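**Student:** The following file, entry-v5.cif, comprises mmCIF, C-alpha atoms:
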data_target
#
loop_
_atom_site.label_atom_id
_atom_site.label_comp_id
_atom_site.auth_asym_id
_atom_site.auth_seq_id
_atom_site.Cartn_x
_atom_site.Cartn_y
_atom_site.Cartn_z
CA MET A 142 -21.64 -15.77 9.60
CA GLU A 143 -23.01 -14.68 12.94
CA SER A 144 -22.30 -10.98 12.55
CA ILE A 145 -20.82 -8.55 10.08
CA PHE A 146 -17.51 -6.96 11.05
CA HIS A 147 -17.37 -3.19 10.55
CA GLU A 148 -14.37 -1.12 11.47
CA LYS A 149 -15.43 2.46 12.09
CA GLN A 150 -13.59 5.11 10.10
CA GLU A 151 -10.86 6.88 12.06
CA GLY A 152 -9.03 9.81 10.52
CA SER A 153 -7.97 9.21 6.95
CA LEU A 154 -7.11 5.53 7.30
CA CYS A 155 -9.45 4.54 4.47
CA ALA A 156 -7.17 1.78 3.15
CA GLN A 157 -6.89 0.07 6.54
CA HIS A 158 -10.61 0.22 7.19
CA CYS A 159 -11.51 -0.89 3.68
CA LEU A 160 -9.21 -3.94 3.84
CA ASN A 161 -10.31 -4.95 7.33
CA ASN A 162 -13.99 -4.57 6.45
CA LEU A 163 -13.48 -6.55 3.24
CA LEU A 164 -11.73 -9.35 5.10
CA GLN A 165 -14.13 -9.17 8.06
CA GLY A 166 -11.57 -8.78 10.83
CA GLU A 167 -8.81 -6.67 12.33
CA TYR A 168 -6.08 -7.87 9.99
CA PHE A 169 -4.12 -4.69 9.23
CA THR A 170 -2.92 -1.76 11.32
CA PRO A 171 -1.47 1.58 10.23
CA VAL A 172 1.95 0.12 11.09
CA ASP A 173 1.40 -2.74 8.61
CA LEU A 174 0.43 -0.35 5.83
CA SER A 175 3.29 2.00 6.67
CA SER A 176 5.79 -0.85 6.51
CA ILE A 177 4.59 -1.81 3.01
CA ALA A 178 4.66 1.85 1.92
CA HIS A 179 8.28 2.13 3.06
CA GLN A 180 9.16 -1.06 1.15
CA LEU A 181 7.56 0.36 -1.99
CA ASP A 182 9.41 3.66 -1.48
CA GLU A 183 12.70 1.77 -1.25
CA GLU A 184 11.92 -0.28 -4.38
CA GLU A 185 11.10 2.94 -6.24
CA ARG A 186 14.31 4.57 -4.99
CA MET A 187 16.37 1.60 -6.21
CA ARG A 188 14.66 1.71 -9.63
CA MET A 189 15.32 5.42 -9.95
CA ALA A 190 18.98 4.90 -8.96
CA GLU A 191 19.39 2.52 -11.90
CA GLY A 192 19.22 5.58 -14.15
CA GLY A 193 22.21 7.10 -12.34
CA MET A 194 22.43 8.40 -8.81
CA GLY A 195 23.90 11.63 -10.11
CA SER A 196 21.05 12.29 -12.53
CA GLU A 197 18.76 15.28 -12.14
CA GLU A 198 15.72 12.94 -12.15
CA TYR A 199 17.13 10.93 -9.25
CA ARG A 200 17.95 14.02 -7.19
CA THR A 201 14.47 15.42 -7.86
CA PHE A 202 12.90 12.08 -6.91
CA LEU A 203 14.75 12.03 -3.58
CA GLN A 204 13.43 15.49 -2.70
CA GLN A 205 9.78 14.49 -3.22
CA PRO A 206 7.64 13.07 -0.40
CA SER A 207 6.45 9.48 -0.57
CA GLY A 208 3.75 8.75 -3.11
CA ASN A 209 2.76 5.67 -1.10
CA MET A 210 1.78 7.32 2.19
CA ASP A 211 1.55 10.59 4.04
CA ASP A 212 1.02 11.82 7.59
CA SER A 213 -2.76 12.12 7.16
CA GLY A 214 -3.21 8.34 6.93
CA PHE A 215 -3.32 8.18 3.13
CA PHE A 216 -1.93 5.00 1.59
CA SER A 217 -1.66 4.39 -2.15
CA ILE A 218 -3.58 1.68 -3.98
CA GLN A 219 -0.22 -0.06 -4.49
CA VAL A 220 0.04 -0.54 -0.71
CA SER A 221 -3.42 -2.13 -0.59
CA ASN A 222 -2.62 -4.30 -3.59
CA LYS A 223 0.62 -5.58 -2.06
CA LEU A 224 -1.17 -6.52 1.17
CA ILE A 225 -3.99 -8.23 -0.71
CA CYS A 226 -1.55 -10.14 -2.91
CA GLY A 227 0.20 -11.34 0.23
CA ILE A 228 -2.99 -13.08 1.38
CA SER A 229 -3.88 -14.64 -1.97
CA PHE A 230 -6.37 -12.07 -3.22
CA LEU A 231 -6.14 -10.10 -6.44
CA LEU A 232 -7.33 -6.52 -6.60
CA ASN A 233 -8.89 -5.62 -9.95
CA THR A 234 -8.11 -2.11 -11.11
CA PHE A 235 -8.56 -0.14 -14.28
CA GLU A 236 -4.83 -0.37 -14.90
CA PRO A 237 -2.95 -3.69 -15.00
CA ILE A 238 -1.17 -4.66 -11.78
CA THR A 239 1.02 -7.74 -11.67
CA CYS A 240 0.37 -10.03 -8.74
CA VAL A 241 1.42 -13.60 -8.11
CA VAL A 242 -1.41 -15.42 -6.34
CA THR A 243 -0.37 -18.30 -4.09
CA ARG A 244 -2.67 -20.93 -2.74
#
I'd like the structure from this file rewritten - as C-alpha cells, please.
**Tutor:**
Amino acid sequence: MESIFHEKQEGSLCAQHCLNNLLQGEYFTPVDLSSIAHQLDEEERMRMAEGGMGSEEYRTFLQQPSGNMDDSGFFSIQVSNKLICGISFLLNTFEPITCVVTR
C-alpha cells in the first residue's frame, strides 16, 4: 500500500467516514447510507404492520422518527452492517446480527 486513505470527519457522518476509512477508499456517500436507512425503515414498518395496521403499537410506531437515521448525519449500526454485508464483510457486535456472506 502506497498511502493510507483517511477521510476527514465532516459533521456527524461518523458511519460514512468509519466505513470509508476501514475500506480505504471513497466507497459510501451520505446518499448511500440514507438509502439503506430508508429500506430498513420500510422493513420495520412492514413488520409492525403484521401486528395489525389498526393497532395502537403500529400507530405509535408511525409517529416516531426513524431509528436508522436523522438529520444530523447519524446512521444506526444496522445501516453500517447492511452495507458491510453487501460487500462480503461481517461486522462483529456484542449482539448477534444475521448476515449472509457471499464470496
**Student:** With all atoms listed in the file as the basis for distance, which of A:Leu224, A:Leu203, A:Met194, A:Leu154 is at the shortest distance from Tyr168 in chain A?
**Tutor:** A:Leu224
**Student:** Could you name the residues that touch range 170-181 of chain A at 12 Å or less, counting only C-alpha atoms, but leaving out those on the same chain fewer than 2 positions away, as an MDAnalysis selection string?
**Tutor:** chainID A and resid 148 151:161 166:168 183:188 206:227
**Student:** Keeping only C-alpha atoms, write those residues as an mmCIF file, keeping the file's coordinate frame.
**Tutor:**
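Result went into part-v1.cif, see below:
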data_model
loop_
_atom_site.group_PDB
_atom_site.id
_atom_site.type_symbol
_atom_site.label_atom_id
_atom_site.label_comp_id
_atom_site.auth_asym_id
_atom_site.auth_seq_id
_atom_site.Cartn_x
_atom_site.Cartn_y
_atom_site.Cartn_z
ATOM 1 C CA GLU A 148 -14.370 -1.120 11.470
ATOM 2 C CA GLU A 151 -10.860 6.880 12.060
ATOM 3 C CA GLY A 152 -9.030 9.810 10.520
ATOM 4 C CA SER A 153 -7.970 9.210 6.950
ATOM 5 C CA LEU A 154 -7.110 5.530 7.300
ATOM 6 C CA CYS A 155 -9.450 4.540 4.470
ATOM 7 C CA ALA A 156 -7.170 1.780 3.150
ATOM 8 C CA GLN A 157 -6.890 0.070 6.540
ATOM 9 C CA HIS A 158 -10.610 0.220 7.190
ATOM 10 C CA CYS A 159 -11.510 -0.890 3.680
ATOM 11 C CA LEU A 160 -9.210 -3.940 3.840
ATOM 12 C CA ASN A 161 -10.310 -4.950 7.330
ATOM 13 C CA GLY A 166 -11.570 -8.780 10.830
ATOM 14 C CA GLU A 167 -8.810 -6.670 12.330
ATOM 15 C CA TYR A 168 -6.080 -7.870 9.990
ATOM 16 C CA GLU A 183 12.700 1.770 -1.250
ATOM 17 C CA GLU A 184 11.920 -0.280 -4.380
ATOM 18 C CA GLU A 185 11.100 2.940 -6.240
ATOM 19 C CA ARG A 186 14.310 4.570 -4.990
ATOM 20 C CA MET A 187 16.370 1.600 -6.210
ATOM 21 C CA ARG A 188 14.660 1.710 -9.630
ATOM 22 C CA PRO A 206 7.640 13.070 -0.400
ATOM 23 C CA SER A 207 6.450 9.480 -0.570
ATOM 24 C CA GLY A 208 3.750 8.750 -3.110
ATOM 25 C CA ASN A 209 2.760 5.670 -1.100
ATOM 26 C CA MET A 210 1.780 7.320 2.190
ATOM 27 C CA ASP A 211 1.550 10.590 4.040
ATOM 28 C CA ASP A 212 1.020 11.820 7.590
ATOM 29 C CA SER A 213 -2.760 12.120 7.160
ATOM 30 C CA GLY A 214 -3.210 8.340 6.930
ATOM 31 C CA PHE A 215 -3.320 8.180 3.130
ATOM 32 C CA PHE A 216 -1.930 5.000 1.590
ATOM 33 C CA SER A 217 -1.660 4.390 -2.150
ATOM 34 C CA ILE A 218 -3.580 1.680 -3.980
ATOM 35 C CA GLN A 219 -0.220 -0.060 -4.490
ATOM 36 C CA VAL A 220 0.040 -0.540 -0.710
ATOM 37 C CA SER A 221 -3.420 -2.130 -0.590
ATOM 38 C CA ASN A 222 -2.620 -4.300 -3.590
ATOM 39 C CA LYS A 223 0.620 -5.580 -2.060
ATOM 40 C CA LEU A 224 -1.170 -6.520 1.170
ATOM 41 C CA ILE A 225 -3.990 -8.230 -0.710
ATOM 42 C CA CYS A 226 -1.550 -10.140 -2.910
ATOM 43 C CA GLY A 227 0.200 -11.340 0.230
#
**Student:** Written as a VMD selection string, what is the full residue list that the PyMOL selection byres ((chain A and resi 147) around 8) yields on the file shown?
**Tutor:** chain A and resid 145 to 146 148 to 149 161 to 162 165
**Student:** How many Å lie between CA of Glu143 in chain A and CA of Phe169 in chain A, rounded to one decimal?
**Tutor:**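 One can read the CA of Glu143 in chain A to CA of Phe169 in chain A distance as 21.7 Å.
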**Student:** In Å to one decimal, how far is CA of Phe202 in chain A from CA of Ala190 in chain A?
**Tutor:**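 Taking CA of Ala190 in chain A and CA of Phe202 in chain A, their separation equals 9.6 Å.
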